[in-house]
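Q: Got a file for you: input_18.txt, compact mmCIF, C-alpha atoms and all ligand atoms.
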# COMPACT_ATOMS: atom_id res chain seq x y z
CA MET O 44 67.45 -73.11 -115.55
CA LYS O 45 66.47 -69.54 -115.01
CA ASN O 46 66.90 -68.20 -111.49
CA THR O 47 64.79 -65.25 -110.48
CA ALA O 48 65.96 -62.80 -107.84
CA ARG O 49 64.05 -59.75 -106.69
CA GLU O 50 66.12 -56.62 -106.25
CA ASP O 51 65.87 -52.86 -106.49
CA TYR O 52 62.85 -52.79 -104.18
CA ARG O 53 60.83 -49.56 -104.13
CA ILE O 54 57.61 -48.40 -102.56
CA VAL O 55 55.34 -46.55 -104.95
CA ILE O 56 53.05 -43.98 -103.33
CA THR O 57 50.28 -42.54 -105.47
CA PRO O 58 48.73 -39.27 -104.28
CA ARG O 59 45.01 -39.11 -103.75
CA ARG O 60 43.16 -37.22 -106.48
CA LEU O 61 42.55 -33.55 -105.62
CA GLY O 62 38.79 -34.03 -105.89
CA ASP O 63 38.78 -37.13 -103.65
CA LEU O 64 38.01 -35.49 -100.33
CA GLY O 65 37.64 -38.80 -98.52
CA TRP O 66 34.05 -38.22 -97.41
CA MET O 67 32.95 -37.18 -100.89
CA SER O 68 34.33 -37.12 -104.41
CA ILE O 69 34.14 -34.24 -106.88
CA SER O 70 35.97 -33.64 -110.13
CA ASP O 71 39.58 -32.42 -109.84
CA ARG O 72 38.59 -29.35 -111.86
CA MET O 73 36.06 -28.37 -109.18
CA ALA O 74 38.64 -28.88 -106.42
CA SER O 75 41.48 -26.91 -108.03
CA SER O 76 42.06 -23.96 -110.36
CA ASP O 77 45.46 -25.40 -111.34
CA ILE O 78 45.47 -29.19 -111.13
CA GLU O 79 49.08 -29.60 -112.22
CA ARG O 80 50.45 -27.11 -109.67
CA ASP O 81 48.31 -28.39 -106.80
CA THR O 82 49.15 -32.02 -107.55
CA ARG O 83 52.87 -31.22 -107.62
CA GLU O 84 52.61 -29.35 -104.30
CA ARG O 85 50.71 -32.24 -102.75
CA CYS O 86 53.37 -34.71 -103.89
CA GLU O 87 56.24 -32.53 -102.59
CA GLU O 88 54.50 -32.23 -99.22
CA MET O 89 53.97 -35.98 -99.08
CA ALA O 90 57.61 -36.62 -99.99
CA GLU O 91 58.72 -34.31 -97.14
CA GLN O 92 56.42 -36.14 -94.72
CA VAL O 93 57.79 -39.52 -95.76
CA LYS O 94 61.38 -38.32 -95.28
CA ARG O 95 60.58 -36.91 -91.83
CA HIS O 96 58.39 -39.65 -90.41
CA VAL O 97 59.33 -42.95 -92.03
CA ASP O 98 62.38 -44.96 -90.89
CA ASN O 99 65.00 -46.37 -93.23
CA VAL O 100 64.19 -44.17 -96.20
CA GLY O 101 67.06 -44.12 -98.70
CA SER O 102 65.68 -41.41 -100.93
CA VAL O 103 62.35 -39.89 -101.85
CA GLU O 104 61.76 -38.40 -105.24
CA VAL O 105 58.65 -37.04 -106.94
CA GLN O 106 58.42 -38.53 -110.41
CA PHE O 107 55.98 -37.69 -113.18
CA THR O 108 55.27 -38.28 -116.82
CA GLU O 109 55.46 -35.28 -119.13
CA VAL O 110 52.56 -34.92 -121.52
CA HIS O 111 53.08 -32.51 -124.41
CA THR O 112 50.03 -30.85 -125.91
CA CYS O 113 49.49 -27.95 -128.33
CA SER O 114 48.60 -24.62 -126.68
CA HIS O 115 46.33 -23.81 -129.63
CA CYS O 116 44.28 -26.98 -130.16
CA SER O 117 45.12 -29.05 -127.03
CA LEU O 118 45.89 -32.17 -129.08
CA ALA O 119 48.96 -34.28 -128.34
CA TRP O 120 52.11 -32.53 -129.60
CA GLU O 121 53.59 -34.33 -132.57
CA GLU O 122 56.39 -33.22 -134.85
CA LEU O 123 57.56 -34.29 -138.29
CA THR O 124 60.59 -36.54 -138.31
CA ALA O 125 63.35 -35.86 -140.84
CA GLU O 126 61.97 -38.67 -143.03
CA GLU O 127 58.40 -37.31 -142.83
CA ALA O 128 59.57 -33.79 -143.70
CA ALA O 129 61.02 -35.21 -146.91
CA GLU O 130 57.88 -37.24 -147.72
CA PRO O 131 55.34 -35.38 -149.91
CA GLY O 132 52.46 -37.35 -148.35
CA CYS O 133 53.33 -36.18 -144.81
CA ARG O 134 54.63 -32.63 -145.15
CA GLN O 135 52.67 -29.41 -145.71
CA ASP O 136 54.86 -28.22 -148.57
CA GLU O 137 58.47 -28.11 -149.73
CA HIS O 138 59.38 -25.79 -146.81
CA SER O 139 58.43 -28.36 -144.14
CA VAL O 140 61.38 -29.33 -141.92
CA GLU O 141 62.04 -31.81 -139.13
CA GLY O 142 60.35 -30.66 -135.92
CA GLU O 143 57.41 -28.94 -137.59
CA PRO O 144 54.22 -29.62 -135.60
CA VAL O 145 51.42 -31.51 -137.31
CA CYS O 146 48.32 -30.86 -135.18
CA CYS O 147 46.89 -27.57 -136.46
CA ASP O 148 47.42 -24.57 -138.75
CA LYS O 149 48.16 -22.19 -135.85
CA ALA O 150 50.95 -24.35 -134.45
CA ILE O 151 52.52 -24.69 -137.89
CA ASP O 152 52.25 -20.93 -138.57
CA GLU O 153 53.83 -20.16 -135.18
CA PHE O 154 56.69 -22.63 -135.79
CA ARG O 155 57.41 -21.13 -139.21
CA THR O 156 57.21 -17.51 -138.02
CA GLU O 157 59.73 -18.25 -135.23
CA ARG O 158 62.18 -19.70 -137.72
CA GLY O 159 61.59 -17.39 -140.66
CA ILE O 160 60.27 -20.24 -142.83
CA PRO O 161 57.79 -19.18 -145.58
CA ALA O 162 54.22 -19.70 -144.36
CA VAL O 163 51.98 -22.47 -145.64
CA GLN O 164 49.49 -21.14 -148.22
CA TRP O 165 46.41 -22.44 -146.39
CA GLY O 166 43.62 -23.16 -148.86
CA GLY O 167 45.78 -21.99 -151.79
CA THR O 168 45.85 -18.46 -153.22
CA GLN O 169 42.81 -16.33 -152.47
ZN ZN P 1 47.62 -27.61 -132.47
Output the file's structure as structure tokens, nothing else.

A:
Amino acid sequence: MKNTAREDYRIVITPRRLGDLGWMSISDRMASSDIERDTRERCEEMAEQVKRHVDNVGSVEVQFTEVHTCSHCSLAWEELTAEEAAEPGCRQDEHSVEGEPVCCDKAIDEFRTERGIPAVQWGGTQ
């Protein structure tokens, strides 16, 4: 039979949203000009407080999930895989390489300019 043991216990603390003021709630954007920075600072402060005031703490660490978006179009950042770069149905043209972004023309142009790859002829010859 299968025995189940619980191990590796942790306590997960989630910070309050920046716009949750306790007595009223507004959007995070109204409460902060830089949500990412302010949230990170809040978490680091909370981690310090836990270390100082809570008994039997082994370690405290601020963890997060990285979300990659395009600075031009704000969509999720996606890149061609090596297989996709070789696949005529996925790539822009024969100069497409692994790592080329797929979200928008500006991101692709920027990627190619940085690497000296011939630009995509958007909309064909004009
Ligand atoms: Zn983009």

Q: Around ligand ZN 1 (chain P), which protein and nucleic acid residues have at least one atom no more than 8 Å from it, if we count all atoms listed in the file? List them as a list of chain:residue names.

A: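 Using all atoms listed in the file, I find these residues within 8 Å of ligand ZN 1 (chain P): O:Thr112, O:Cys113, O:Ser114, O:His115, O:Cys116, O:Ser117, O:Leu118, O:Ala119, O:Trp120, O:Pro144, O:Val145, O:Cys146, O:Cys147, O:Asp148, O:Lys149, O:Ala150, O:Ile151.
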
Q: Box for range 56-67 of chain O: with edges along x, y and z, all listed atoms inside and 5 Å added on each side, what are the centre and edge lengths in Å to one decimal, as lines of an AutoDock Vina configuration file?

A:
center_x = 43.0
center_y = -38.8
center_z = -101.9
size_x = 30.1
size_y = 20.4
size_z = 19.1

Q: Got a sec to check which residues sit within 10 Å of (58.9, -27.0, -148.8), counting all atoms listed in the file, and write them as a list in words?

A: Ala128, Ala129, Pro131, Arg134, Gln135, Asp136, Glu137, His138, Ser139, Val140, Ile160, Pro161, Ala162 and Val163 of chain O

Q: Produce a file of the selected residues containing C-alpha atoms, as a CSV table (one decimal), keeping the file's coordinate frame.

A:
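In the end it all went to part_26.csv:
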chain,number,residue,atom,x,y,z
O,128,ALA,CA,59.6,-33.8,-143.7
O,129,ALA,CA,61.0,-35.2,-146.9
O,131,PRO,CA,55.3,-35.4,-149.9
O,134,ARG,CA,54.6,-32.6,-145.2
O,135,GLN,CA,52.7,-29.4,-145.7
O,136,ASP,CA,54.9,-28.2,-148.6
O,137,GLU,CA,58.5,-28.1,-149.7
O,138,HIS,CA,59.4,-25.8,-146.8
O,139,SER,CA,58.4,-28.4,-144.1
O,140,VAL,CA,61.4,-29.3,-141.9
O,160,ILE,CA,60.3,-20.2,-142.8
O,161,PRO,CA,57.8,-19.2,-145.6
O,162,ALA,CA,54.2,-19.7,-144.4
O,163,VAL,CA,52.0,-22.5,-145.6

Q: Could you state the separation of CA of Gln106 in chain O and CA of Leu61 in chain O in Å, given to one decimal place?

A: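 Atom-to-atom, CA of Gln106 in chain O and CA of Leu61 in chain O are spaced 17.3 Å apart.
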
Q: Find the residue from O:Arg95, O:Met89, O:Ser102, O:Ile69 that sits nearest to Thr57 in chain O; use only C-alpha atoms when measuring.

A: O:Met89

Q: Using all atoms listed in the file for the distances, tell me which of O:Ile56, O:Gly65, O:Gly166, O:Thr108 is nearest to Ala90 in chain O.

A: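 Looking only at the distances to Ala90 in chain O, the closest residue turns out to be O:Ile56.
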
Q: So how far away is CA of Asp98 in chain O from CA of Arg85 in chain O, in Å?

A: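 For CA of Arg85 in chain O relative to CA of Asp98 in chain O, the distance reads 20.9 Å.
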
Q: Between CA of Trp165 in chain O and CA of Val110 in chain O, what is the distance, to one decimal in Å?

A: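 CA of Trp165 in chain O sits 28.5 Å away from CA of Val110 in chain O.
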
Q: Just checking: using only C-alpha atoms, which residue out of O:Arg59, O:Val100, O:Met67, O:Thr156 ends up closest to Asp81 in chain O?

A: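 Among the listed residues, the smallest separation from Asp81 in chain O belongs to O:Arg59.
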
Q: Of the residues O:Arg60, O:Arg53, O:Lys45, O:Arg158, which is the one nearest to Glu79 in chain O, using all atoms listed in the file?

A: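 With all atoms listed in the file as the atom set, the closest residue is O:Arg60.
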
Q: Nearest to Glu84 in chain O among O:Pro58, O:Asp71, O:Gly132, O:Val97, with distances taken over all atoms listed in the file: which residue is it?

A: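 The answer is O:Pro58, which sits nearest to Glu84 in chain O.
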
Q: Counting only C-alpha atoms, figure out which residue out of O:Glu121, O:Glu157, O:Asp77, O:Glu91 gets nearest to Val103 in chain O.

A: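 Smallest separation from Val103 in chain O among the options: O:Glu91.
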